[in-house]
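Colleague: Sharing start-v3.cif, mmCIF, C-alpha atoms and all ligand atoms:
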```cif
data_final
#
loop_
_atom_site.label_atom_id
_atom_site.label_comp_id
_atom_site.auth_asym_id
_atom_site.auth_seq_id
_atom_site.Cartn_x
_atom_site.Cartn_y
_atom_site.Cartn_z
CA MET X 1 9.23 -25.06 14.47
CA SER X 2 5.65 -24.34 15.55
CA GLY X 3 3.55 -21.94 13.50
CA GLN X 4 3.43 -19.58 16.43
CA ALA X 5 7.17 -19.32 17.02
CA HIS X 6 7.69 -19.17 13.28
CA ASN X 7 5.55 -16.06 13.04
CA ASP X 8 6.92 -14.28 16.10
CA GLY X 9 7.47 -10.57 15.73
CA ILE X 10 5.24 -10.12 12.71
CA GLU X 11 3.84 -6.63 12.16
CA VAL X 12 0.91 -5.81 9.92
CA SER X 13 -0.49 -2.64 8.39
CA PHE X 14 -3.50 -2.01 6.19
CA GLU X 15 -4.44 0.27 3.33
CA VAL X 16 -7.91 1.55 2.51
CA PHE X 17 -9.19 4.00 -0.06
CA PRO X 18 -11.44 6.91 0.89
CA ALA X 19 -15.11 6.09 1.37
CA ARG X 20 -17.55 8.30 -0.54
CA THR X 21 -20.44 8.15 1.92
CA ASP X 22 -21.11 8.22 5.66
CA THR X 23 -22.18 4.59 5.39
CA GLY X 24 -18.89 3.73 3.73
CA ARG X 25 -16.92 5.58 6.40
CA ALA X 26 -18.85 3.80 9.15
CA ALA X 27 -17.96 0.48 7.51
CA LEU X 28 -14.27 1.48 7.51
CA ALA X 29 -14.50 2.43 11.17
CA ARG X 30 -15.89 -1.07 11.85
CA LEU X 31 -13.04 -2.56 9.79
CA ALA X 32 -10.54 -0.61 11.91
CA ARG X 33 -12.15 -1.76 15.16
CA ARG X 34 -12.07 -5.42 14.08
CA LEU X 35 -8.46 -5.22 12.95
CA ALA X 36 -7.28 -3.27 16.00
CA ARG X 37 -6.88 -6.49 18.01
CA PHE X 38 -3.91 -7.41 15.81
CA LYS X 39 -2.13 -4.26 16.99
CA PRO X 40 -1.32 -3.02 13.48
CA GLU X 41 1.50 -0.57 12.92
CA PHE X 42 -0.97 1.68 11.05
CA ILE X 43 -3.93 1.88 8.72
CA SER X 44 -3.33 4.14 5.74
CA VAL X 45 -5.76 6.08 3.57
CA THR X 46 -4.95 6.73 -0.08
CA TYR X 47 -4.99 10.26 -1.45
CA GLY X 48 -6.51 11.41 -4.69
CA ALA X 49 -6.01 7.92 -6.17
CA GLY X 50 -8.45 6.62 -8.77
CA GLY X 51 -10.03 10.08 -9.11
CA SER X 52 -11.17 10.33 -5.48
CA SER X 53 -11.18 13.80 -3.98
CA ARG X 54 -8.75 14.88 -1.30
CA ASP X 55 -11.65 15.94 0.94
CA LEU X 56 -12.77 12.33 1.01
CA THR X 57 -9.34 11.29 2.25
CA GLU X 58 -9.66 13.78 5.09
CA ALA X 59 -13.19 12.64 5.98
CA THR X 60 -12.08 9.00 5.99
CA ILE X 61 -9.07 9.80 8.17
CA ARG X 62 -11.40 11.53 10.66
CA ALA X 63 -13.66 8.46 10.78
CA LEU X 64 -10.70 6.15 11.38
CA LEU X 65 -9.19 8.40 14.05
CA ALA X 66 -12.57 8.49 15.81
CA ALA X 67 -12.80 4.69 15.65
CA ALA X 68 -9.55 4.68 17.63
CA GLY X 69 -7.33 1.74 18.21
CA ILE X 70 -5.07 1.91 15.15
CA PRO X 71 -2.54 4.63 14.32
CA VAL X 72 -3.68 6.32 11.10
CA ALA X 73 -1.38 7.15 8.18
CA ALA X 74 -2.23 9.58 5.40
CA HIS X 75 -1.03 9.12 1.84
CA LEU X 76 0.00 12.44 0.33
CA THR X 77 0.78 13.03 -3.33
CA ALA X 78 2.66 15.96 -4.84
CA ALA X 79 0.84 15.84 -8.18
CA ARG X 80 -1.29 18.79 -9.34
CA ALA X 81 -0.54 20.96 -6.29
CA SER X 82 1.94 23.64 -5.32
CA ARG X 83 4.50 22.91 -2.63
CA ALA X 84 2.61 25.25 -0.30
CA ASP X 85 -0.70 23.41 -0.83
CA THR X 86 0.91 19.99 -0.40
CA MET X 87 2.60 21.04 2.83
CA ALA X 88 -0.65 22.65 4.04
CA ALA X 89 -2.39 19.29 3.52
CA ALA X 90 0.38 17.60 5.53
CA GLU X 91 -0.05 20.17 8.33
CA ARG X 92 -3.77 19.43 8.40
CA PHE X 93 -3.21 15.68 8.57
CA VAL X 94 -0.65 15.87 11.35
CA GLY X 95 -2.83 18.37 13.19
CA MET X 96 -5.73 15.92 13.02
CA GLY X 97 -3.65 13.22 14.68
CA VAL X 98 -2.18 11.31 11.75
CA SER X 99 1.03 9.65 12.91
CA ARG X 100 2.64 8.71 9.58
CA ILE X 101 2.68 10.03 6.03
CA VAL X 102 3.06 7.90 2.92
CA ALA X 103 4.85 10.36 0.62
CA LEU X 104 4.17 9.92 -3.08
CA ARG X 105 4.61 11.73 -6.35
CA GLY X 106 1.24 10.66 -7.76
CA ASP X 107 0.41 9.70 -11.31
CA ALA X 108 0.28 11.65 -14.55
CA GLU X 109 -3.01 13.28 -15.45
CA LYS X 110 -5.35 10.79 -17.17
CA GLY X 111 -4.54 10.69 -20.89
CA ALA X 112 -1.27 12.68 -20.47
CA PRO X 113 1.79 11.04 -22.05
CA ALA X 114 3.99 11.67 -19.00
CA PHE X 115 3.96 13.10 -15.49
CA THR X 116 4.47 16.86 -15.40
CA PRO X 117 5.03 18.47 -12.01
CA HIS X 118 2.96 21.46 -10.97
CA PRO X 119 5.04 24.60 -11.80
CA ASP X 120 5.40 25.37 -8.07
CA GLY X 121 5.15 21.77 -6.95
CA PHE X 122 7.44 18.98 -5.82
CA ALA X 123 8.88 17.18 -8.84
CA ASN X 124 8.96 13.78 -7.17
CA ALA X 125 8.49 11.83 -3.97
CA ALA X 126 12.10 12.38 -2.85
CA GLN X 127 11.60 16.16 -2.84
CA LEU X 128 8.34 15.80 -0.92
CA THR X 129 9.97 13.44 1.58
CA ALA X 130 12.82 15.90 2.19
CA ALA X 131 10.38 18.75 2.89
CA LEU X 132 8.29 16.61 5.25
CA ARG X 133 11.41 15.43 7.07
CA GLU X 134 12.62 18.98 7.50
CA ARG X 135 9.25 20.00 8.97
CA TRP X 136 8.85 16.88 11.17
CA PRO X 137 12.23 15.41 12.18
CA ASP X 138 10.62 12.43 13.95
CA LEU X 139 7.54 11.63 11.88
CA PRO X 140 7.49 8.16 10.28
CA ILE X 141 7.45 8.64 6.50
CA SER X 142 6.84 5.74 4.12
CA VAL X 143 7.57 5.84 0.40
CA ALA X 144 6.68 3.58 -2.53
CA ALA X 145 8.92 0.88 -4.00
CA TYR X 146 8.52 -1.17 -7.17
CA PRO X 147 9.80 -4.77 -7.32
CA GLU X 148 8.88 -4.83 -11.02
CA VAL X 149 10.21 -1.29 -11.75
CA HIS X 150 8.00 1.80 -12.02
CA PRO X 151 6.64 2.17 -15.58
CA ASP X 152 8.21 5.69 -15.87
CA SER X 153 11.68 4.50 -14.92
CA PRO X 154 14.32 4.20 -17.63
CA SER X 155 15.90 1.17 -15.93
CA ARG X 156 15.91 -1.03 -12.84
CA GLU X 157 19.10 0.69 -11.70
CA ALA X 158 17.54 4.16 -12.05
CA ASP X 159 14.50 3.01 -10.10
CA LEU X 160 16.71 1.62 -7.32
CA ASP X 161 18.67 4.89 -7.24
CA ASN X 162 15.37 6.76 -6.94
CA LEU X 163 14.41 4.60 -3.96
CA LYS X 164 17.83 5.23 -2.44
CA ALA X 165 17.27 8.98 -2.89
CA LYS X 166 13.93 8.69 -1.06
CA PHE X 167 15.63 7.01 1.90
CA ALA X 168 18.42 9.61 1.81
CA ALA X 169 15.73 12.32 1.90
CA GLY X 170 14.44 10.87 5.18
CA ALA X 171 12.04 8.01 4.45
CA THR X 172 11.62 5.61 7.36
CA ASP X 173 10.57 2.65 5.23
CA ALA X 174 9.15 1.74 1.83
CA ILE X 175 5.98 -0.13 0.90
CA THR X 176 5.99 -2.06 -2.36
CA GLN X 177 3.54 -2.10 -5.19
CA PHE X 178 1.65 -5.41 -5.08
CA PHE X 179 3.18 -8.49 -6.71
CA PHE X 180 2.10 -12.11 -6.87
CA ASP X 181 5.38 -13.92 -7.43
CA ASN X 182 7.46 -13.82 -4.24
CA ARG X 183 10.67 -14.23 -6.23
CA LEU X 184 10.12 -10.70 -7.50
CA PHE X 185 10.23 -9.44 -3.92
CA THR X 186 13.20 -11.48 -2.75
CA ASP X 187 15.17 -10.51 -5.88
CA PHE X 188 14.22 -6.88 -5.26
CA LEU X 189 15.43 -7.06 -1.65
CA ARG X 190 18.72 -8.54 -2.86
CA ASP X 191 19.12 -5.75 -5.44
CA THR X 192 18.29 -2.98 -2.97
CA LYS X 193 20.94 -4.29 -0.58
CA ALA X 194 23.47 -4.52 -3.42
CA ARG X 195 22.67 -0.87 -4.25
CA GLY X 196 23.41 0.16 -0.67
CA ILE X 197 19.79 0.60 0.45
CA ALA X 198 19.53 -0.40 4.11
CA GLY X 199 16.00 0.85 4.88
CA SER X 200 13.10 -1.43 5.73
CA ILE X 201 11.04 -2.57 2.73
CA ILE X 202 7.53 -3.81 3.42
CA PRO X 203 5.82 -6.08 0.89
CA GLY X 204 2.42 -4.81 -0.26
CA VAL X 205 0.11 -7.81 -0.47
CA MET X 206 -3.02 -7.48 -2.57
CA LEU X 207 -6.12 -9.12 -1.10
CA ILE X 208 -8.00 -9.77 -4.32
CA HIS X 209 -11.65 -8.78 -4.22
CA ASP X 210 -12.21 -8.64 -7.97
CA PHE X 211 -9.67 -10.53 -10.03
CA ALA X 212 -10.72 -8.85 -13.30
CA GLY X 213 -10.23 -5.42 -11.71
CA VAL X 214 -6.84 -6.36 -10.27
CA ARG X 215 -5.77 -7.60 -13.71
CA GLN X 216 -6.69 -4.27 -15.26
CA PHE X 217 -4.99 -2.25 -12.53
CA ALA X 218 -1.87 -4.44 -12.69
CA ALA X 219 -1.49 -3.66 -16.39
CA SER X 220 -1.58 0.08 -15.69
CA CYS X 221 1.00 0.03 -12.89
CA GLY X 222 3.49 -2.45 -14.30
CA ALA X 223 2.72 -5.38 -11.98
CA SER X 224 2.64 -8.82 -13.57
CA VAL X 225 -0.06 -11.42 -13.03
CA PRO X 226 1.18 -15.01 -13.26
CA ALA X 227 -0.55 -17.37 -15.71
CA ARG X 228 -1.40 -19.68 -12.79
CA LEU X 229 -3.69 -16.97 -11.40
CA ASP X 230 -5.39 -16.43 -14.76
CA ALA X 231 -5.98 -20.17 -14.95
CA ALA X 232 -7.31 -20.39 -11.40
CA PHE X 233 -9.84 -17.56 -11.83
CA ALA X 234 -10.79 -18.45 -15.43
CA GLY X 235 -14.52 -18.32 -16.09
CA LEU X 236 -15.54 -17.09 -12.61
CA ARG X 237 -17.97 -14.17 -12.60
CA PRO X 238 -18.15 -13.07 -8.96
CA LYS X 239 -20.46 -10.16 -9.77
CA ASP X 240 -23.04 -12.41 -11.42
CA GLY X 241 -23.67 -15.21 -8.99
CA LYS X 242 -23.29 -16.35 -5.40
CA GLU X 243 -21.51 -19.60 -6.22
CA ASP X 244 -18.93 -17.86 -8.38
CA ARG X 245 -18.44 -15.21 -5.67
CA ALA X 246 -17.87 -17.90 -3.05
CA VAL X 247 -15.32 -19.77 -5.16
CA HIS X 248 -13.61 -16.53 -6.22
CA ASP X 249 -13.24 -15.36 -2.61
CA ARG X 250 -11.93 -18.71 -1.34
CA LEU X 251 -9.40 -18.76 -4.17
CA ALA X 252 -8.33 -15.21 -3.36
CA ALA X 253 -7.90 -16.11 0.31
CA ALA X 254 -5.90 -19.23 -0.50
CA ILE X 255 -3.61 -17.28 -2.84
CA ALA X 256 -3.01 -14.51 -0.30
CA ALA X 257 -2.41 -17.02 2.51
CA ARG X 258 0.12 -18.93 0.47
CA GLN X 259 1.92 -15.78 -0.62
CA THR X 260 2.06 -14.34 2.88
CA LEU X 261 3.08 -17.52 4.69
CA ASP X 262 5.82 -18.14 2.12
CA LEU X 263 7.13 -14.61 2.69
CA ALA X 264 7.00 -15.13 6.46
CA ALA X 265 8.91 -18.40 6.07
CA ALA X 266 11.53 -16.47 4.06
CA GLY X 267 12.00 -14.13 7.02
CA VAL X 268 9.67 -11.23 6.15
CA ARG X 269 8.33 -9.66 9.33
CA ARG X 270 6.33 -6.61 8.15
CA PHE X 271 3.31 -6.91 5.87
CA HIS X 272 1.14 -4.21 4.30
CA PHE X 273 -2.25 -5.43 3.09
CA TYR X 274 -4.20 -3.75 0.31
CA THR X 275 -7.59 -4.43 1.89
CA MET X 276 -9.83 -3.07 -0.89
CA ASN X 277 -11.91 -1.81 2.04
CA LYS X 278 -12.98 -5.36 2.94
CA SER X 279 -12.50 -6.40 6.52
CA ALA X 280 -12.85 -10.20 6.36
CA PRO X 281 -9.92 -11.05 4.03
CA ALA X 282 -7.56 -8.83 6.04
CA GLU X 283 -8.71 -10.31 9.32
CA ALA X 284 -8.32 -13.85 7.99
CA MET X 285 -4.72 -13.06 6.98
CA CYS X 286 -3.97 -11.69 10.43
CA ARG X 287 -5.45 -14.75 12.08
CA ILE X 288 -3.08 -16.90 10.02
CA LEU X 289 -0.04 -14.69 10.58
CA LYS X 290 -0.65 -13.80 14.22
CA PRO X 291 -2.55 -16.85 15.55
CA GLN X 292 -1.55 -16.10 19.14
CA ILE X 293 -3.93 -13.13 19.27
C1 LIG X 301 2.39 1.81 -1.54
C2 LIG X 301 1.84 2.72 -2.60
C3 LIG X 301 0.86 3.64 -2.27
C4 LIG X 301 0.36 4.51 -3.24
N1 LIG X 301 -0.64 5.39 -2.86
C5 LIG X 301 -1.10 6.29 -3.77
C6 LIG X 301 -2.07 7.27 -3.41
O1 LIG X 301 -2.54 7.31 -2.26
N2 LIG X 301 -2.49 8.16 -4.34
C7 LIG X 301 -1.99 8.14 -5.63
O2 LIG X 301 -2.41 8.97 -6.44
N3 LIG X 301 -1.07 7.22 -6.00
C8 LIG X 301 -0.62 6.30 -5.10
N4 LIG X 301 0.35 5.39 -5.49
C9 LIG X 301 0.83 5.38 -6.88
C10 LIG X 301 1.98 6.37 -7.12
O3 LIG X 301 1.53 7.70 -6.95
C11 LIG X 301 2.48 6.17 -8.55
O4 LIG X 301 3.11 4.92 -8.68
C12 LIG X 301 3.33 7.28 -9.10
O5 LIG X 301 3.37 7.16 -10.51
C13 LIG X 301 4.76 7.28 -8.60
O6 LIG X 301 4.81 7.72 -7.31
P1 LIG X 301 6.20 7.57 -6.46
O7 LIG X 301 5.96 8.20 -5.17
O8 LIG X 301 6.70 6.19 -6.52
O9 LIG X 301 7.13 8.51 -7.38
P2 LIG X 301 8.68 8.78 -7.40
O10 LIG X 301 9.41 7.95 -6.42
O11 LIG X 301 8.91 10.23 -7.37
O12 LIG X 301 9.13 8.22 -8.83
C14 LIG X 301 8.29 7.93 -9.91
C15 LIG X 301 9.14 7.54 -11.12
O13 LIG X 301 9.82 8.66 -11.58
C16 LIG X 301 11.23 8.43 -11.58
N5 LIG X 301 11.89 9.63 -11.05
C17 LIG X 301 11.65 10.25 -9.87
N6 LIG X 301 12.46 11.32 -9.72
C18 LIG X 301 13.22 11.38 -10.83
C19 LIG X 301 14.23 12.25 -11.27
N7 LIG X 301 14.65 13.31 -10.55
N8 LIG X 301 14.78 12.02 -12.49
C20 LIG X 301 14.39 10.95 -13.23
N9 LIG X 301 13.43 10.09 -12.87
C21 LIG X 301 12.86 10.29 -11.69
C22 LIG X 301 11.44 7.26 -10.65
O14 LIG X 301 12.57 6.48 -10.97
C23 LIG X 301 10.19 6.48 -10.85
O15 LIG X 301 10.32 5.68 -11.98
C24 LIG X 301 0.85 4.47 -4.56
C25 LIG X 301 1.84 3.53 -4.90
C26 LIG X 301 2.33 2.65 -3.94
C27 LIG X 301 3.38 1.64 -4.32
#
```
Is it possible to give me this structure as structure tokens?

Modeller:
Amino acid sequence: MSGQAHNDGIEVSFEVFPARTDTGRAALARLARRLARFKPEFISVTYGAGGSSRDLTEATIRALLAAAGIPVAAHLTAARASRADTMAAAERFVGMGVSRIVALRGDAEKGAPAFTPHPDGFANAAQLTAALRERWPDLPISVAAYPEVHPDSPSREADLDNLKAKFAAGATDAITQFFFDNRLFTDFLRDTKARGIAGSIIPGVMLIHDFAGVRQFAASCGASVPARLDAAFAGLRPKDGKEDRAVHDRLAAAIAARQTLDLAAAGVRRFHFYTMNKSAPAEAMCRILKPQI
């Protein structure tokens, strides 16, 4: 089978985090214009993650909508806000021209032992999804899924039931937390099917820009990092020197290419790339996956 036929029907989407400056937003608009040629399903902007303000999400969405060419999705979390405020944010996003919402609970307050909902807020992503679906019967709504189980979940079965509840509440599809071992994803797909979940599940593929940072983040969100990756990146200091940066980035690209092509060979047709706001790695992946464009 030729590479082209093999990759027929592949759809891509991208995730960025809000830019803090006009310069950063202009760079994201350029990223969107470069990636538009691959006809992505959407480009999504995270919300309040990593301490960023919600206004920055809105400003970044505006910049991406103005860049045109790619449908824009807004992440929306229920944490630390009343139901009315969360729904008002959704109204604003849809009013601006956002064509998909990624509905999330959000994380516990930094330093808090567990997530506590706002007294008037949505308790979880399923509740938020249900309210969004009631307001917009036809809006695509994505939710989060966890091949390695969400750290707050008492068990794999409970986590699968939670995902099932999010689909029952009206989710269109689910995007996974990043993972590096494809077996985790294929096992997860098998388990979701066994649990009666029929909705589309899109693998979230991390395009590593800073291995040390990814390692740290992985530990906080329950994603594992295989020893082979630790060994491959050992001793590289991409922030300290050009040579190390070049080797680090080529390694990262090789790892992402292998992961993605293996998933495509296993039949996966939708991919969501965590771009880390860098255009080149995402474009390189698209050129491998969609070489006909
Ligand atoms: C693709 C993706 C995008 C993300 N984007 C953002 C973002 O933009 N901003 C941000 O702040 N964070 C983001 N996150 C992180 C996310 O907010 C956290 O992982 C958060 O802790 C859980 O959100 P959720 O929507 O999965 O929650 P939920 O699906 O509500 O579930 C979280 C956990 O609570 C459990 N749970 C839920 N409801 C119940 C219940 N009724 N009883 C018992 N247990 C329950 C679930 O089993 C699960 O373990 C993203 C994650 C992913 C995978």

Colleague: Distance limit 7 Å, reference ligand LIG 301 (chain X), atoms considered: all atoms listed in the file. Which residues make the cut? Give them as an MDAnalysis selection string.

Modeller: chainID X and resid 45:50 75:77 103:108 123:126 143:146 149:153 158:159 162:163 175:177 204 221

Colleague: Quick one: residues within 7 Å of range 79-93 of chain X, only C-alpha atoms, excluding same-chain residues fewer than 2 positions away - as a compact mmCIF listing (two decimals) with C-alpha atoms, in the frame of the given file?

Modeller:
```txt
# COMPACT_ATOMS: atom_id res chain seq x y z
CA ALA X 74 -2.23 9.58 5.40
CA THR X 77 0.78 13.03 -3.33
CA GLY X 95 -2.83 18.37 13.19
CA MET X 96 -5.73 15.92 13.02
CA GLY X 97 -3.65 13.22 14.68
CA VAL X 98 -2.18 11.31 11.75
CA ARG X 105 4.61 11.73 -6.35
CA GLY X 106 1.24 10.66 -7.76
CA ASP X 107 0.41 9.70 -11.31
CA PRO X 117 5.03 18.47 -12.01
CA HIS X 118 2.96 21.46 -10.97
CA ASP X 120 5.40 25.37 -8.07
CA GLY X 121 5.15 21.77 -6.95
CA PHE X 122 7.44 18.98 -5.82
```

Colleague: Set the distance at 9 Å and use all atoms listed in the file: which residues neighbour Leu207 in chain X once local chain neighbours fewer than 2 positions away are removed? I'd like the list as a list in words.

Modeller: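 Close residues of Leu207 in chain X: Val205, His209, Ala252, Ala253, Ile255, Ala256, Phe273, Tyr274, Thr275, Met276, Lys278, Pro281 and Ala282 of chain X.
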
Colleague: Which centre and edge lengths in Å to one decimal define the box along x, y and z that fits every listed atom of range 144-157 of chain X plus 4 Å per side, as lines of an AutoDock Vina configuration file?

Modeller:
```
center_x = 12.9
center_y = 0.4
center_z = -10.1
size_x = 20.5
size_y = 18.5
size_z = 23.1
```

Colleague: Which residue out of X:Leu184, X:Ala67, X:Leu251, X:Leu189 has the minimum interatomic distance to Ala223 in chain X when only C-alpha atoms are used?

Modeller: X:Leu184

Colleague: Given the choices X:Phe115, X:Phe233, X:Phe180, X:Phe167, which gets closest to Thr129 in chain X if the distance is worked out from only C-alpha atoms?

Modeller: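 Going through X:Phe115, X:Phe233, X:Phe180, X:Phe167 one by one, the smallest distance to Thr129 in chain X is for X:Phe167.
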
Colleague: Just checking: using only C-alpha atoms, which residue out of X:Asn277, X:Thr60, X:Ser44, X:Thr192 ends up closest to Arg20 in chain X?

Modeller: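 Once distances to Arg20 in chain X are computed over only C-alpha atoms, the minimum belongs to X:Thr60.
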
Colleague: Nearest residue to Lys39 in chain X out of X:Leu263, X:Cys286, X:Leu56, X:Ala114, using only C-alpha atoms?

Modeller: X:Cys286

Colleague: Record the distance separating CA of Ile101 in chain X and CA of Leu132 in chain X, expressed in Å with one decimal.

Modeller: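 If I compute the distance from CA of Ile101 in chain X to CA of Leu132 in chain X, I get 8.7 Å.
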
Colleague: Could you check which of X:Ser200, X:Ser279, X:Gln216, X:Thr186 is closest to Asp262 in chain X, using all atoms listed in the file?

Modeller: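 So, comparing all the options, the nearest one is X:Thr186.
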
Colleague: Grab the CA of Leu31 in chain X to CA of Leu65 in chain X distance for me, in Å with one decimal place.

Modeller: 12.4 Å
